[in-house]
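S.K.: Take this structure, written in structure tokens, and hold onto it; I'll ask about it next.
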Amino acid sequence: MGDGSGGRDRGTSGGGRMIRPAAGVKLVKNVRIPMRDGVRLAADLYVPDDDREDFAPSVPLPVVMDYIPYRKDEVNPAVAHHYLYLARHGYIVARVDIRGTGASEGINTDEYTVQEQTDGAEAIEWFAAQAWCDGHVNMIGISYGGFTALQVAAHRPPHLTSIIPIDFTDDRYTDDCHYRGGLLRMYYDIGWYGTRMIAWNAMPPDPESSPDDWAAVWERHVTDNEPYLLKWLAHQVDGPYWRNGSVGDGAEIACPAFLIGGWRDGYPNPPLRLYGSMAARGLPVKVLVGPWNHALPDAAIPGPRIDYLREVVRWLDHWCKGAQNGVMDEPPVVVWMQASEAPVVDRLESAGEWRADASWPAPGASSRTLHLDELGRLSDDAGRDGADGLVHHPAVGVTGGLWSGGIQFGLPGDQRPDEALSLVYTGEPLAAELAILGWAHADLVVESSAAVVGFAVSLSDVAPDGSSHLVAKGMLNVTRRTSLADPAPLEPGERVTLAIDLDCTGWIFAAGHRVRLAVANADFPNVWPTPHLATSRVFRGAAGSRLVLPVVPRQGSATPPGFAPSALSVARHASAVRPPRWNVTTDVLTGRVTSDIRVEAAFRASPDTTIEREFAAVCQVDPRDPAHASAHGWHVNRMIRANQTIQGRCDTVIQSTATHFHVTIDLELRVNDAVHATRRWTESIPRRLL
């Protein structure tokens with residue numbers, strides 16, 4: 001299959017072994033895709049099963065490519081629901097390991113490099129040239145795979161038919177897992193993604209799928225791959241480093257796009273933002289946003305979970321097979337409008353309803369301005385001029401939930417514990433329902449005793465019983481008030497206006513509920529505390545601070561489509577045999593606050609291989625000395641086969657001072673109990689007004 005002939009091609013550079021992991025699907029393991037420089041990418045192909053022993057389908061078919069660095073050989077193909085579904089509906093699904101990761105040759109030193117993007121474009125053209133492909137190649141993927149779909153599309157490979165990015169970003173500095181509003185993210189990169197990728201990229205490929213070069217590929221990955229994390233820490237302001245891989249308004253993308261996102265995902269801003277700019281250029285584009293976290297819409301929480309793959313197949317059938325199935329006649333903007341409900345952290349469902357609009361911004365959209373008034377009120381009238389004091393408490397934020405860019409739990413809880421340490425402004429009970437869709441915006445007029453300090457604003461829905469449900473949050477490092485690329489310290493007593501966009505959302509405030517805005521100087525453990533204790537003033541009145549809400553008509557301008565419910569079932573995280581843990585503790589004697597997050601997972605990747613994983617992030621801050629915050633993250637990945645356990649463990653520790661981040665990264669590989677290889681990195685990185 002790998003040589004394009006459709007023949008059975010065992011052991012060659014192009015093809016691999018075939019298995020039947022589930023009814024209706026053939027799986028071709030480790031097909032090799034040659035790049036111009038001689039490096040070969042490794043791919044697993046899920047192919048409709050036509051009962052022939054030939055690897056190739058009986059007729060040429062469209063290809064759907066998922067292009068990610070997340071180790072294709074550590075996926076159990078028998079339960080890879082989305083790959084199996086698409087194959088059973090007439091598509092070849094190609095799961096491709098990025099250069100230097102998994103079973104692919106080469107080295108990997110950073111995410112989203114130009115080389116990685118051009119490799120993706122080359123892979124598309126290679127697929128299109130194979131006899132078993134009908135010339136249509138699409139890209140689909142969640143998170144990293146959504147990023148690469150956009151990035152590769154911006155290179156305009158001729159045979160890229162369409163893209164379906166899910167839970168993605170269009171801007172790597174403002175809307176990714178590294179920085180937020182010019183503030184460094186804390187728990188996630190150290191405890192999850194950054195540390196995980198060091199361990200994963202050092203693990204070997206599956207020896208059964210790549211027997212000829214197993215040792216050479218693994219050795220190269222161990223000796224030459226580099227941590228991404230040190231590069232992220234070195235680039236603390238926006239600039240060319242972050243512009244690479246950021247597609248902006250999508251001006252370079254020319255193919256149709258089906259954009260899927262979730263309000264409780266870590267990437268709630270890009271779907272509607274990118275839809276607006278692409279639709280304005282006349283590109284065929286649809287957007288679907290549910291209430292979901294960072295997961296596929298048939299398994300995400302909170303629900304409703306839908307059979308999104310039915311919608312994906314309808315999309316692909318239209319663009320690849322010319323099916324006149326009405327998919328492009330339906331409303332292009334479909335979102336879930338969340339509704340007032342109790343803020344239960346482990347809830348499985350979201351109150352609300354589907355909404356559809358024929359265009360974006362939604363027809364009839366307007367804005368409502370609420371002013372920060374005296375006595376802690378949000379009012380339509382500005383009220384008297386004045387100012388309220390705010391003391392920096394570095395551990396505020398623990399009720400806001402965990403930033404969701406891969407972690408599957410940690411929805412926001414009742415905001416009142418954090419609000420007790422914040423400035424809070426609350427509106428009067430609403431006489432009627434109030435629907436918002438888009439970006440709420442806060443203009444904060446402030447001054448502070450600190451040259452470097454962050455401002456976090458939280459929009460909440462307050463129920464008659466007093467419970468406060470987080471609707472959206474936004475934040476800004478005051479040193480980035482005029483530029484994310486060229487920060488400037490704040491002079492003591494200098495009065496400035498901070499323009500802060502809150503995360504995009506759709507929400508219906510019930511009659512009798514109240515709108516609340518809370519202002520704090522921290523979002524622990526989601527972002528790293530700024531180093532100085534601070535006392536600030538927030539000004540109100542005619543020339544003072546205000547909140548602007550993106551109000552929309554209660555009903556959309558179109559009729560929402562009916563979605564089939566997901567066939568998958570989910571359970572509360574707390575009900576698992578080994579549930580994830582998130583403990584926040586305060587040392588009564590020292591006042592030090594610790595956030596301790598841990599997750600374990602185990603699954604069978606094949607009849608012969610079990611995978612075990614451990615994630616952890618322990619973050620600490622002393623409210624009396626926020627400069628000396630710290631984080632320790634570790635990840636363990638074990639590949640367990642008969643008489644052999646290969647383990648990769650990476651530990652990352654960051655200790656901050658007022659001027660630096662001191663970073664240690666230790667990687668250890670073990671084969672059974674023997675130490676196989678070790679690597680370490682140590683750097684002291686200056687804080688740039690951070």
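Following the order of the structure tokens, first chain is A, next is B, and so on, with residues numbered from 1 inside each chain and ligands from 1 in the order they appear.
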Taking the backbone alone, and naming residues the way the document does, which bits of segment 285-415 of chain A are alpha helix (DSSP H) by DSSP, as a list in words?

M.R.: Tyr308, Leu309, Arg310, Glu311, Val312, Val313, Arg314, Trp315, Leu316, Asp317, His318, Trp319, Cys320 and Lys321 of chain A

S.K.: Could you pull the residues within 6 Å of segment 140-153 of chain A, counting only C-alpha atoms, minus those fewer than 3 positions along the same chain, as a list in words?

M.R.: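 The residues that qualify are Asp66, Tyr67, Ile68, Gln117, Ala121, Arg156, Ile163, Ile164, Pro165, Ile166, Asp167, Phe168, Gly245 and Ile253 of chain A.
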
S.K.: Just the selected residues (C-alpha atoms), exported as a PDB file, in the first residue's frame, please.

M.R.:
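Once written, result-v4.pdb looks like this:
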ATOM      1  CA  ASP A  66      -4.814  13.568  11.961  1.00  0.00           C
ATOM      2  CA  TYR A  67      -1.329  15.063  12.326  1.00  0.00           C
ATOM      3  CA  ILE A  68      -0.047  15.087  15.912  1.00  0.00           C
ATOM      4  CA  GLN A 117       4.134  22.569   8.877  1.00  0.00           C
ATOM      5  CA  ALA A 121       1.803  19.813   3.490  1.00  0.00           C
ATOM      6  CA  ARG A 156      -2.264  25.852   0.811  1.00  0.00           C
ATOM      7  CA  ILE A 163     -10.185  21.074   7.514  1.00  0.00           C
ATOM      8  CA  ILE A 164     -12.070  20.241  10.712  1.00  0.00           C
ATOM      9  CA  PRO A 165     -10.124  21.718  13.636  1.00  0.00           C
ATOM     10  CA  ILE A 166     -11.509  20.990  17.118  1.00  0.00           C
ATOM     11  CA  ASP A 167     -10.537  22.856  20.319  1.00  0.00           C
ATOM     12  CA  PHE A 168      -7.854  24.903  18.611  1.00  0.00           C
ATOM     13  CA  GLY A 245       2.011  28.915  13.759  1.00  0.00           C
ATOM     14  CA  ILE A 253      -6.386  29.590   4.403  1.00  0.00           C
TER      15      ILE A 253
END

S.K.: From a DSSP pass on the backbone, collect the residues of segment 378-450 of chain A flagged as strand (DSSP E) and hand them back as a JSON list (two decimals) with N, CA and C atoms, in the first residue's frame.

M.R.:
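Contents of the output file out36.json:
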[["chain", "number", "residue", "atom", "x", "y", "z"],
["A", 378, "LEU", "N", -23.20, 47.13, 40.34],
["A", 378, "LEU", "CA", -23.11, 47.30, 38.89],
["A", 378, "LEU", "C", -24.38, 48.01, 38.46],
["A", 379, "SER", "N", -24.23, 49.18, 37.82],
["A", 379, "SER", "CA", -25.39, 50.01, 37.52],
["A", 379, "SER", "C", -25.36, 50.49, 36.09],
["A", 386, "GLY", "N", -15.28, 57.89, 42.43],
["A", 386, "GLY", "CA", -14.64, 57.38, 43.62],
["A", 386, "GLY", "C", -13.69, 56.26, 43.26],
["A", 387, "ALA", "N", -13.14, 55.62, 44.26],
["A", 387, "ALA", "CA", -12.20, 54.52, 44.03],
["A", 387, "ALA", "C", -12.33, 53.53, 45.17],
["A", 388, "ASP", "N", -12.08, 52.26, 44.86],
["A", 388, "ASP", "CA", -12.10, 51.20, 45.85],
["A", 388, "ASP", "C", -10.73, 50.55, 45.91],
["A", 389, "GLY", "N", -10.31, 50.19, 47.11],
["A", 389, "GLY", "CA", -9.00, 49.58, 47.28],
["A", 389, "GLY", "C", -9.03, 48.08, 47.05],
["A", 390, "LEU", "N", -7.93, 47.57, 46.49],
["A", 390, "LEU", "CA", -7.77, 46.15, 46.21],
["A", 390, "LEU", "C", -6.40, 45.71, 46.68],
["A", 391, "VAL", "N", -6.37, 44.70, 47.54],
["A", 391, "VAL", "CA", -5.11, 44.16, 48.03],
["A", 391, "VAL", "C", -4.79, 42.88, 47.26],
["A", 423, "LEU", "N", -12.41, 42.48, 44.77],
["A", 423, "LEU", "CA", -13.39, 43.56, 44.69],
["A", 423, "LEU", "C", -14.60, 43.03, 43.93],
["A", 424, "VAL", "N", -15.79, 43.21, 44.47],
["A", 424, "VAL", "CA", -16.98, 42.61, 43.89],
["A", 424, "VAL", "C", -18.03, 43.69, 43.64],
["A", 425, "TYR", "N", -18.61, 43.65, 42.44],
["A", 425, "TYR", "CA", -19.67, 44.58, 42.04],
["A", 425, "TYR", "C", -20.82, 43.75, 41.49],
["A", 426, "THR", "N", -22.03, 43.96, 42.02],
["A", 426, "THR", "CA", -23.17, 43.12, 41.70],
["A", 426, "THR", "C", -24.36, 43.97, 41.27],
["A", 434, "LEU", "N", -31.59, 37.64, 30.32],
["A", 434, "LEU", "CA", -30.58, 38.42, 29.60],
["A", 434, "LEU", "C", -29.65, 37.43, 28.91],
["A", 435, "ALA", "N", -29.60, 37.49, 27.57],
["A", 435, "ALA", "CA", -28.75, 36.59, 26.80],
["A", 435, "ALA", "C", -27.53, 37.35, 26.29],
["A", 436, "ILE", "N", -26.36, 36.74, 26.47],
["A", 436, "ILE", "CA", -25.13, 37.33, 25.93],
["A", 436, "ILE", "C", -24.44, 36.28, 25.07],
["A", 437, "LEU", "N", -23.78, 36.74, 24.02],
["A", 437, "LEU", "CA", -23.03, 35.85, 23.13],
["A", 437, "LEU", "C", -21.87, 36.64, 22.54],
["A", 438, "GLY", "N", -20.67, 36.19, 22.83],
["A", 438, "GLY", "CA", -19.48, 36.89, 22.34],
["A", 438, "GLY", "C", -18.56, 37.22, 23.50],
["A", 441, "HIS", "N", -16.50, 42.76, 27.90],
["A", 441, "HIS", "CA", -15.29, 43.59, 27.92],
["A", 441, "HIS", "C", -15.30, 44.45, 29.18],
["A", 442, "ALA", "N", -14.16, 44.52, 29.82],
["A", 442, "ALA", "CA", -14.02, 45.37, 30.99],
["A", 442, "ALA", "C", -12.97, 46.44, 30.74],
["A", 443, "ASP", "N", -13.33, 47.69, 31.00],
["A", 443, "ASP", "CA", -12.37, 48.79, 31.04],
["A", 443, "ASP", "C", -12.14, 49.10, 32.51],
["A", 444, "LEU", "N", -10.96, 48.77, 33.00],
["A", 444, "LEU", "CA", -10.62, 49.04, 34.39],
["A", 444, "LEU", "C", -9.69, 50.24, 34.46],
["A", 445, "VAL", "N", -10.10, 51.23, 35.20],
["A", 445, "VAL", "CA", -9.25, 52.40, 35.45],
["A", 445, "VAL", "C", -8.60, 52.17, 36.81],
["A", 446, "VAL", "N", -7.28, 52.01, 36.81],
["A", 446, "VAL", "CA", -6.60, 51.56, 38.03],
["A", 446, "VAL", "C", -5.31, 52.34, 38.25],
["A", 447, "GLU", "N", -4.84, 52.26, 39.48],
["A", 447, "GLU", "CA", -3.46, 52.61, 39.82],
["A", 447, "GLU", "C", -3.01, 51.60, 40.85],
["A", 448, "SER", "N", -1.68, 51.42, 40.97],
["A", 448, "SER", "CA", -1.17, 50.39, 41.86],
["A", 448, "SER", "C", 0.17, 50.80, 42.45]]

S.K.: Using only C-alpha atoms, determine which residues lie at most 6 Å from segment 177-189 of chain A, disregarding the query and same-chain residues fewer than 5 positions distant; provide the list as number ranges by chain.

M.R.: A: 194, 475-477, 525-528, 617

S.K.: Neighbouring residues of Asp596 of chain A were defined as those with any atom within 9 Å, considering only C-alpha atoms; residues of the same chain fewer than 2 positions away were excluded. Please report them as a compact mmCIF listing (two decimals) with C-alpha atoms, in the first residue's frame.

M.R.:
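The new file result32.txt reads:
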# COMPACT_ATOMS: atom_id res chain seq x y z
CA ARG A 581 -7.19 14.57 42.65
CA TRP A 582 -7.17 18.32 43.06
CA ASN A 583 -6.46 19.45 46.60
CA VAL A 584 -5.90 23.03 47.69
CA THR A 585 -4.43 23.38 51.17
CA THR A 594 -0.51 24.53 47.80
CA ARG A 598 -2.71 14.34 40.12
CA ALA A 616 1.12 15.66 38.60
CA ALA A 617 1.48 19.37 39.33
CA VAL A 618 2.24 20.77 42.77
CA CYS A 619 2.15 24.57 42.83
CA GLN A 620 2.88 26.72 45.86

S.K.: Which residue is closest to Ala358 of chain A? Choose from A:Val333, A:Leu274, A:Leu689, A:Val552 and count only C-alpha atoms.

M.R.: A:Val333

S.K.: With only C-alpha atoms as the counted atoms, please give the residues lying no more than 7 Å from segment 478-488 of chain A, apart from itself and same-chain residues fewer than 2 positions off, as a ChimeraX atom specification.

M.R.: /A:182,237-239,452-454,476,490,498,689

S.K.: Rank nothing, just name the residue among A:Ala602, A:Leu233, A:Ile33, A:Val64 nearest to Pro686 of chain A, using only C-alpha atoms.

M.R.: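 Between A:Ala602, A:Leu233, A:Ile33, A:Val64, the residue approaching Pro686 of chain A most closely is A:Leu233.
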
S.K.: Quick one: residues within 8 Å of Arg99 of chain A, only C-alpha atoms counted, chain neighbours fewer than 6 positions away excluded, as a VMD selection string?

M.R.: chain A and resid 39 to 41 69 105 to 108 116 119

S.K.: How would the residues just chosen look if you wrote them out with C-alpha atoms as a compact mmCIF listing (two decimals), in the first residue's frame?

M.R.:
# COMPACT_ATOMS: atom_id res chain seq x y z
CA VAL A 39 13.20 11.72 6.78
CA ARG A 40 10.20 9.40 6.84
CA LEU A 41 7.05 10.09 8.84
CA PRO A 69 2.96 14.12 18.09
CA GLU A 105 12.22 9.59 12.04
CA GLY A 106 14.11 12.82 12.63
CA ILE A 107 14.28 15.01 15.70
CA ASN A 108 11.83 17.27 17.47
CA GLU A 116 6.63 20.52 10.89
CA ASP A 119 6.09 18.22 6.42

S.K.: So which one's closest to Leu667 of chain A, A:Thr645, A:Thr195, A:Ser545, A:Thr109? Using only C-alpha atoms, please.

M.R.: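 Of A:Thr645, A:Thr195, A:Ser545, A:Thr109, the one nearest Leu667 of chain A is A:Thr195, counting only C-alpha atoms.
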
S.K.: Would you mind reading off the distance between atom CA of Ala23 of chain A and atom CA of Tyr85 of chain A, one decimal, in Å?

M.R.: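 It comes out at 10.5 Å.
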